[in-house]
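Dropping structure.cif in here (mmCIF, C-alpha atoms):
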data_start
#
loop_
_atom_site.label_atom_id
_atom_site.label_comp_id
_atom_site.auth_asym_id
_atom_site.auth_seq_id
_atom_site.Cartn_x
_atom_site.Cartn_y
_atom_site.Cartn_z
CA MET A 170 13.74 -13.07 -16.91
CA LEU A 171 12.22 -13.56 -13.49
CA LEU A 172 12.42 -17.26 -14.11
CA THR A 173 16.19 -16.84 -14.13
CA ILE A 174 15.99 -14.97 -10.88
CA LEU A 175 14.02 -17.70 -9.22
CA ALA A 176 16.23 -20.40 -10.64
CA LEU A 177 19.20 -18.65 -9.11
CA ILE A 178 17.63 -18.24 -5.71
CA GLY A 179 16.72 -21.89 -5.89
CA THR A 180 20.40 -22.73 -5.97
CA ILE A 181 22.16 -19.95 -4.12
CA LEU A 182 20.06 -19.72 -1.00
CA PRO A 183 19.95 -23.41 -0.08
CA VAL A 184 23.65 -23.79 -0.85
CA LEU A 185 24.46 -20.88 1.40
CA LEU A 186 22.33 -22.23 4.17
CA LYS A 187 23.82 -25.67 3.97
CA SER A 188 27.41 -24.59 3.46
CA PHE A 189 27.38 -22.98 6.86
CA GLY A 190 25.87 -25.99 8.53
CA VAL A 191 23.04 -23.81 9.71
CA SER A 192 20.85 -26.73 10.52
CA SER A 193 20.39 -30.39 9.79
CA SER A 194 16.73 -29.64 9.18
CA ILE A 195 17.74 -27.78 6.05
CA ASP A 196 18.14 -31.16 4.40
CA ASN A 197 14.40 -31.56 4.61
CA LEU A 198 13.64 -27.97 3.78
CA ILE A 199 15.72 -27.73 0.63
CA PRO A 200 13.41 -29.97 -1.43
CA ALA A 201 10.40 -28.06 -0.10
CA MET A 202 11.95 -24.74 -1.00
CA ILE A 203 12.92 -25.92 -4.46
CA ALA A 204 9.41 -27.26 -5.00
CA ALA A 205 7.96 -23.94 -3.91
CA ILE A 206 10.22 -22.05 -6.26
CA GLY A 207 9.19 -24.45 -8.99
CA GLN A 208 5.58 -23.57 -8.32
CA ILE A 209 6.37 -19.89 -8.59
CA VAL A 210 8.28 -20.40 -11.83
CA THR A 211 5.43 -22.40 -13.29
CA GLY A 212 2.91 -19.82 -12.14
CA ILE A 213 4.76 -16.95 -13.70
CA ALA A 214 5.33 -18.86 -16.93
CA SER A 215 1.65 -19.69 -17.18
CA LYS A 216 0.61 -16.26 -15.92
CA THR A 217 -1.27 -17.74 -13.00
CA PRO A 218 -1.10 -16.62 -9.38
CA VAL A 219 2.00 -17.70 -7.46
CA THR A 220 0.34 -17.38 -4.08
CA SER A 221 0.67 -21.07 -3.25
CA GLY A 222 4.38 -21.08 -4.06
CA LEU A 223 4.98 -18.06 -1.89
CA ALA A 224 2.97 -19.67 0.87
CA ALA A 225 5.15 -22.77 0.59
CA LEU A 226 8.26 -20.63 0.92
CA GLN A 227 6.78 -19.02 3.98
CA THR A 228 6.07 -22.48 5.37
CA ALA A 229 9.72 -23.39 4.88
CA LEU A 230 10.67 -20.21 6.65
CA THR A 231 8.35 -21.03 9.51
CA ALA A 232 10.03 -24.42 9.80
CA LEU A 233 13.42 -22.74 9.92
CA GLN A 234 12.18 -20.44 12.64
CA ALA A 235 11.41 -23.49 14.75
CA ASP A 236 15.05 -24.50 14.58
CA THR A 237 16.63 -23.48 17.86
CA SER A 238 20.13 -23.61 16.37
CA LEU A 239 19.46 -20.48 14.34
CA SER A 240 20.03 -17.07 15.83
CA PRO A 241 17.27 -14.45 15.72
CA VAL A 242 19.53 -12.34 13.51
CA ILE A 243 19.79 -15.06 10.88
CA LEU A 244 16.08 -15.79 11.06
CA GLY A 245 15.35 -12.11 10.61
CA ASP A 246 17.55 -11.97 7.54
CA ILE A 247 15.92 -15.03 6.06
CA SER A 248 12.53 -13.42 6.61
CA GLU A 249 13.71 -10.22 4.96
CA GLY A 250 15.10 -12.14 1.99
CA VAL A 251 11.74 -13.76 1.44
CA ALA A 252 10.01 -10.39 1.80
CA ASP A 253 12.36 -8.91 -0.81
CA LEU A 254 11.56 -11.77 -3.14
CA GLN A 255 7.85 -11.31 -2.63
CA ALA A 256 8.09 -7.60 -3.35
CA ALA A 257 9.97 -8.28 -6.59
CA ILE A 258 7.52 -10.92 -7.73
CA VAL A 259 4.50 -8.76 -6.97
CA ALA A 260 6.03 -5.85 -8.90
CA TYR A 261 6.91 -8.12 -11.80
CA GLN A 262 3.42 -9.53 -12.00
CA LYS A 263 1.88 -6.08 -11.78
CA ALA A 264 4.10 -5.02 -14.68
CA GLN A 265 2.69 -7.85 -16.76
CA VAL A 266 -0.66 -6.08 -16.56
CA THR A 267 0.33 -2.44 -16.82
CA THR A 268 3.46 -0.64 -18.01
CA ASP A 269 3.88 2.45 -15.87
CA PRO A 270 7.48 3.72 -15.72
CA SER A 271 6.43 6.67 -13.55
CA THR A 272 6.52 4.41 -10.51
CA LEU A 273 10.29 4.02 -10.89
CA THR A 274 11.14 6.85 -8.55
CA PRO A 275 14.81 7.19 -7.49
CA LEU A 276 15.83 5.05 -4.54
CA PRO A 277 17.78 6.74 -1.74
CA LEU A 278 21.31 5.65 -0.95
CA LEU A 279 21.95 3.77 2.26
CA PRO A 280 23.31 6.19 4.88
CA MET B 259 41.15 -6.59 13.58
CA LYS B 260 37.45 -7.33 13.59
CA ARG B 261 36.66 -10.97 13.01
CA THR B 262 33.52 -12.05 11.22
CA THR B 263 32.19 -15.47 11.97
CA PRO B 264 30.62 -17.52 9.21
CA LYS B 265 27.19 -17.11 10.76
CA GLN B 266 27.54 -13.36 11.06
CA LEU B 267 28.63 -13.17 7.47
CA PHE B 268 25.83 -15.46 6.45
CA ALA B 269 23.26 -13.28 8.15
CA GLY B 270 23.94 -10.42 5.81
CA LEU B 271 24.50 -12.57 2.79
CA VAL B 272 21.10 -14.19 2.87
CA VAL B 273 19.61 -10.84 2.06
CA VAL B 274 22.39 -10.04 -0.37
CA ALA B 275 21.83 -13.33 -2.18
CA SER B 276 18.12 -12.68 -2.50
CA TYR B 277 18.80 -9.17 -3.63
CA ALA B 278 21.40 -10.31 -6.15
CA VAL B 279 18.91 -12.72 -7.55
CA PHE B 280 16.41 -9.93 -8.18
CA LEU B 281 18.97 -7.97 -10.08
CA ALA B 282 20.28 -10.94 -12.01
CA VAL B 283 17.44 -10.28 -14.38
CA LEU B 284 19.28 -7.26 -15.66
CA THR B 285 22.09 -9.44 -16.92
CA PHE B 286 19.91 -10.45 -19.78
CA LEU B 287 18.42 -7.08 -20.60
CA PRO B 288 20.95 -6.12 -23.28
CA VAL B 289 20.18 -9.35 -25.09
CA SER B 290 16.46 -8.80 -24.89
CA MET B 291 16.87 -5.22 -25.97
CA ALA B 292 18.96 -6.17 -28.99
CA GLY B 293 16.87 -8.99 -30.26
CA CYS B 294 13.44 -8.79 -28.75
CA LYS B 295 10.75 -10.26 -30.97
CA ALA B 296 7.08 -9.50 -30.78
CA ALA B 297 5.58 -12.01 -28.40
CA ASN B 298 2.34 -13.85 -28.98
CA THR B 299 1.09 -12.78 -25.58
CA PRO B 300 -0.67 -9.43 -25.42
CA LEU B 301 1.33 -6.44 -24.26
CA PRO B 302 0.58 -4.90 -20.87
CA ALA B 303 -1.55 -1.77 -20.97
CA GLY B 304 0.66 1.21 -21.66
CA ALA B 305 3.48 -0.74 -23.26
CA ILE B 306 4.48 0.35 -26.73
CA ASN B 307 6.30 -2.82 -27.71
CA ALA B 308 7.72 -6.01 -26.21
CA THR B 309 11.07 -4.43 -25.38
CA ASP B 310 9.31 -1.63 -23.54
CA ALA B 311 7.24 -4.12 -21.57
CA SER B 312 10.23 -6.32 -20.76
CA LEU B 313 12.38 -3.43 -19.59
CA ASN B 314 9.60 -2.12 -17.39
CA ALA B 315 8.86 -5.50 -15.79
CA ASN B 316 12.49 -6.28 -15.03
CA LEU B 317 13.30 -2.84 -13.69
CA GLN B 318 10.12 -2.84 -11.60
CA ALA B 319 11.08 -6.18 -10.04
CA ALA B 320 14.61 -5.04 -9.25
CA HIS B 321 13.31 -1.71 -7.98
CA ALA B 322 10.73 -3.30 -5.69
CA GLY B 323 13.19 -5.82 -4.28
CA LEU B 324 15.68 -3.09 -3.52
CA ALA B 325 13.03 -0.82 -2.04
CA GLN B 326 11.94 -3.61 0.30
CA TYR B 327 15.56 -4.24 1.27
CA GLU B 328 16.04 -0.55 2.03
CA ALA B 329 12.84 -0.47 4.04
CA ASP B 330 14.19 -3.29 6.19
CA VAL B 331 17.45 -1.43 6.70
CA THR B 332 15.63 1.78 7.58
CA ALA B 333 13.43 -0.10 10.05
CA GLY B 334 16.50 -1.55 11.69
CA LYS B 335 15.65 -5.10 10.70
CA HIS B 336 18.90 -5.54 8.85
CA THR B 337 22.24 -3.81 9.34
CA PRO B 338 24.56 -4.19 6.36
CA ASP B 339 28.28 -4.12 6.98
CA ALA B 340 30.49 -1.60 5.19
CA THR B 341 31.26 -3.89 2.26
CA GLU B 342 27.63 -4.78 1.67
CA LYS B 343 26.56 -1.15 1.99
CA THR B 344 29.15 0.01 -0.53
CA ILE B 345 28.10 -2.55 -3.10
CA ILE B 346 24.40 -1.95 -2.54
CA ASN B 347 24.82 1.79 -2.97
CA LYS B 348 26.66 1.27 -6.24
CA VAL B 349 23.80 -0.84 -7.48
CA ILE B 350 21.27 1.77 -6.33
CA VAL B 351 23.08 4.52 -8.24
CA SER B 352 23.28 2.47 -11.41
CA LEU B 353 19.69 1.29 -11.10
CA ASN B 354 18.44 4.84 -10.60
CA THR B 355 20.30 5.84 -13.75
CA ALA B 356 18.86 2.93 -15.71
CA ASP B 357 15.37 3.75 -14.42
CA ALA B 358 15.62 7.37 -15.55
CA LEU B 359 16.97 6.45 -18.97
CA TYR B 360 14.26 3.86 -19.41
CA GLN B 361 11.61 6.44 -18.53
CA SER B 362 13.02 8.71 -21.23
CA TYR B 363 13.05 5.83 -23.69
CA HIS B 364 9.43 5.01 -22.89
CA ALA B 365 8.46 8.64 -23.41
CA ALA B 366 10.29 8.61 -26.74
CA LEU B 367 8.39 5.50 -27.75
CA VAL B 368 5.08 7.13 -26.89
CA ALA B 369 5.98 10.00 -29.21
CA ASN B 370 7.45 7.74 -31.87
CA PRO B 371 6.77 3.99 -31.62
CA ALA B 372 9.65 3.35 -34.01
CA ALA B 373 12.21 4.94 -31.70
CA GLY B 374 15.25 2.77 -31.13
CA GLU B 375 16.82 1.84 -27.81
CA PRO B 376 19.45 4.44 -26.92
CA GLN B 377 22.98 3.22 -26.31
CA GLN B 378 22.98 5.13 -23.02
CA LEU B 379 20.24 2.91 -21.69
CA ILE B 380 22.05 -0.24 -22.75
CA ASP B 381 25.22 1.07 -21.10
CA ALA B 382 23.32 1.89 -17.91
CA VAL B 383 21.94 -1.61 -17.73
CA MET B 384 25.43 -2.97 -18.28
CA SER B 385 26.58 -0.84 -15.36
CA VAL B 386 23.95 -2.40 -13.13
CA THR B 387 25.10 -5.79 -14.32
CA SER B 388 28.68 -4.93 -13.49
CA ASN B 389 27.74 -3.91 -9.97
CA LEU B 390 25.72 -7.06 -9.65
CA SER B 391 28.86 -9.04 -10.35
CA ALA B 392 30.35 -7.58 -7.21
CA LEU B 393 27.39 -8.84 -5.23
CA GLN B 394 27.68 -12.24 -6.77
CA ALA B 395 31.38 -12.30 -5.95
CA LEU B 396 30.52 -11.48 -2.35
CA VAL B 397 28.11 -14.38 -2.23
CA GLN B 398 30.56 -16.71 -3.92
CA ALA B 399 33.28 -15.77 -1.45
CA VAL B 400 31.47 -17.46 1.42
CA LYS B 401 30.27 -20.55 -0.38
#
Structure re-expressed in structure tokens:
Amino acid sequence: MLLTILALIGTILPVLLKSFGVSSSIDNLIPAMIAAIGQIVTGIASKTPVTSGLAALQTALTALQADTSLSPVILGDISEGVADLQAAIVAYQKAQVTTDPSTLTPLPLLP
Amino acid sequence: MKRTTPKQLFAGLVVVASYAVFLAVLTFLPVSMAGCKAANTPLPAGAINATDASLNANLQAAHAGLAQYEADVTAGKHTPDATEKTIINKVIVSLNTADALYQSYHAALVANPAAGEPQQLIDAVMSVTSNLSALQALVQAVK
């Protein structure tokens, strides 16, 4: 299932970035991001750590942050998107080891 | 009338896209629930069967992604607009419902490993999926 998630983010995020002409450097970053996502997919499928893939994504993010054409707001959102992804992957991997539904406490609504 | 530039819209949608991706997993839950076969890989500790393990893993991933998103909003790192907030809250409500029903299902499995998946749980997951479609539509709208 998470493989589907990562496959989707591998298509949606770069397309969104490029469709808005965020940066010409995205042309170089897209292959790097896709490769990183591929590493994560492979890692999850083989039940091996996906640390290197996440690190590669972070590297791509760092490269984006060096792009002066991007606003701090956009960079912040990119960073948050990656953080969300990391949180989901960590939780998914943890669930491969232990099934503990008690941790699914209700989430509060946004005010 | 307030105008939203592509970049402003994009700023929120990057997070929405990531978030939608986390929840996309739930699209396939009804299928896995209906026809889940025993896997060759060992079950996680505490899981009663493969369906139980799969439901837990997918809900945990969606839950964690959403929790992180909310933490960013609470910390002021991201400010969703009204449309995004409305959709996110709908997903939160449906996910909370699915979580609670899954917890009941897991408890039922502990008591009786042969217990079947309740229709309520399947419906709840479908509700999450439906709300996810709204997120996907939001993303698609700016492509």
Exercise for the section: Can you work out which one of A:Ile243, A:Ala225, A:Ala256, A:Val251 has the shortest atom-to-atom distance to B:Gln326, counting all atoms listed in the file? Expected result: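 Under the stated criterion, the closest residue is A:Ala256.
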Practice task
Considering only C-alpha atoms, state which residue in the set B:Val351, B:Val331, B:Ala340, B:Ala356 is at the smallest distance from A:Leu273.
Solution key: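 Distance minimum relative to A:Leu273 lands on B:Ala356.
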Exercise for the section: To verify the selection step, state as a PyMOL selection string which residues the PyMOL selection byres ((chain A) within 6 of (chain B)) yields on this input. Expected result: chain A and resi 170+174+178+243+246+250+253+256-257+260-261+264-268+270+275+278
Save the residues we just selected, C-alpha atoms, as a short mmCIF file (atom, residue, chain, number, x, y, z; two decimals), keeping the file's coordinate frame?
data_model
loop_
_atom_site.label_atom_id
_atom_site.label_comp_id
_atom_site.auth_asym_id
_atom_site.auth_seq_id
_atom_site.Cartn_x
_atom_site.Cartn_y
_atom_site.Cartn_z
CA MET A 170 13.74 -13.07 -16.91
CA ILE A 174 15.99 -14.97 -10.88
CA ILE A 178 17.63 -18.24 -5.71
CA ILE A 243 19.79 -15.06 10.88
CA ASP A 246 17.55 -11.97 7.54
CA GLY A 250 15.10 -12.14 1.99
CA ASP A 253 12.36 -8.91 -0.81
CA ALA A 256 8.09 -7.60 -3.35
CA ALA A 257 9.97 -8.28 -6.59
CA ALA A 260 6.03 -5.85 -8.90
CA TYR A 261 6.91 -8.12 -11.80
CA ALA A 264 4.10 -5.02 -14.68
CA GLN A 265 2.69 -7.85 -16.76
CA VAL A 266 -0.66 -6.08 -16.56
CA THR A 267 0.33 -2.44 -16.82
CA THR A 268 3.46 -0.64 -18.01
CA PRO A 270 7.48 3.72 -15.72
CA PRO A 275 14.81 7.19 -7.49
CA LEU A 278 21.31 5.65 -0.95
#
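Coordinates place atom CA of A:Gln208 at a distance of 27.1 Å from atom CA of B:Thr387.
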Problem - Minimum-distance residue to A:Gly245, chosen among B:Gly334, B:Ala372, B:Thr299, B:Thr309 (using only C-alpha atoms) - result: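 Nearest candidate to A:Gly245 out of B:Gly334, B:Ala372, B:Thr299, B:Thr309: B:Gly334.
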Taking the partial coordinates given, rebuild stretch 342-371 of chain B to contain N, CA and C atoms; return it as a tab-separated table (two decimals), in the frame of the given file.
chain	number	residue	atom	x	y	z
B	342	GLU	N	28.96	-4.59	2.26
B	342	GLU	CA	27.63	-4.78	1.67
B	342	GLU	C	27.01	-3.43	1.30
B	343	LYS	N	27.16	-2.47	2.22
B	343	LYS	CA	26.56	-1.15	1.99
B	343	LYS	C	27.17	-0.49	0.75
B	344	THR	N	28.48	-0.61	0.61
B	344	THR	CA	29.15	0.01	-0.53
B	344	THR	C	28.65	-0.58	-1.84
B	345	ILE	N	28.55	-1.89	-1.87
B	345	ILE	CA	28.10	-2.55	-3.10
B	345	ILE	C	26.65	-2.21	-3.39
B	346	ILE	N	25.82	-2.25	-2.35
B	346	ILE	CA	24.40	-1.95	-2.54
B	346	ILE	C	24.23	-0.53	-3.08
B	347	ASN	N	24.96	0.40	-2.52
B	347	ASN	CA	24.82	1.79	-2.97
B	347	ASN	C	25.24	1.95	-4.43
B	348	LYS	N	26.25	1.21	-4.83
B	348	LYS	CA	26.66	1.27	-6.24
B	348	LYS	C	25.54	0.75	-7.15
B	349	VAL	N	24.90	-0.30	-6.69
B	349	VAL	CA	23.80	-0.84	-7.48
B	349	VAL	C	22.64	0.15	-7.52
B	350	ILE	N	22.37	0.80	-6.38
B	350	ILE	CA	21.27	1.77	-6.33
B	350	ILE	C	21.52	2.90	-7.33
B	351	VAL	N	22.75	3.42	-7.33
B	351	VAL	CA	23.08	4.52	-8.24
B	351	VAL	C	22.88	4.09	-9.69
B	352	SER	N	23.39	2.92	-10.02
B	352	SER	CA	23.28	2.47	-11.41
B	352	SER	C	21.83	2.14	-11.77
B	353	LEU	N	21.09	1.61	-10.81
B	353	LEU	CA	19.69	1.29	-11.10
B	353	LEU	C	18.87	2.56	-11.28
B	354	ASN	N	19.14	3.56	-10.45
B	354	ASN	CA	18.44	4.84	-10.60
B	354	ASN	C	18.70	5.45	-11.98
B	355	THR	N	19.94	5.31	-12.42
B	355	THR	CA	20.30	5.84	-13.75
B	355	THR	C	19.55	5.07	-14.84
B	356	ALA	N	19.56	3.76	-14.72
B	356	ALA	CA	18.86	2.93	-15.71
B	356	ALA	C	17.36	3.23	-15.72
B	357	ASP	N	16.80	3.42	-14.52
B	357	ASP	CA	15.37	3.75	-14.42
B	357	ASP	C	15.05	5.04	-15.18
B	358	ALA	N	15.87	6.06	-14.93
B	358	ALA	CA	15.62	7.37	-15.55
B	358	ALA	C	15.75	7.29	-17.06
B	359	LEU	N	16.78	6.57	-17.52
B	359	LEU	CA	16.97	6.45	-18.97
B	359	LEU	C	15.84	5.64	-19.60
B	360	TYR	N	15.38	4.64	-18.88
B	360	TYR	CA	14.26	3.86	-19.41
B	360	TYR	C	13.00	4.72	-19.50
B	361	GLN	N	12.78	5.56	-18.50
B	361	GLN	CA	11.61	6.44	-18.53
B	361	GLN	C	11.67	7.37	-19.75
B	362	SER	N	12.86	7.85	-20.05
B	362	SER	CA	13.02	8.71	-21.23
B	362	SER	C	12.76	7.92	-22.51
B	363	TYR	N	13.25	6.69	-22.52
B	363	TYR	CA	13.05	5.83	-23.69
B	363	TYR	C	11.56	5.54	-23.90
B	364	HIS	N	10.87	5.28	-22.80
B	364	HIS	CA	9.43	5.01	-22.89
B	364	HIS	C	8.70	6.24	-23.44
B	365	ALA	N	9.09	7.41	-22.94
B	365	ALA	CA	8.46	8.64	-23.41
B	365	ALA	C	8.73	8.84	-24.91
B	366	ALA	N	9.94	8.50	-25.32
B	366	ALA	CA	10.29	8.61	-26.74
B	366	ALA	C	9.45	7.65	-27.58
B	367	LEU	N	9.21	6.48	-27.03
B	367	LEU	CA	8.39	5.50	-27.75
B	367	LEU	C	6.95	5.96	-27.88
B	368	VAL	N	6.45	6.62	-26.85
B	368	VAL	CA	5.08	7.13	-26.89
B	368	VAL	C	4.96	8.15	-28.03
B	369	ALA	N	5.99	8.98	-28.16
B	369	ALA	CA	5.98	10.00	-29.21
B	369	ALA	C	6.23	9.39	-30.59
B	370	ASN	N	7.09	8.37	-30.59
B	370	ASN	CA	7.45	7.74	-31.87
B	370	ASN	C	7.67	6.24	-31.63
B	371	PRO	N	6.67	5.43	-31.90
B	371	PRO	CA	6.77	3.99	-31.62
B	371	PRO	C	7.94	3.30	-32.31
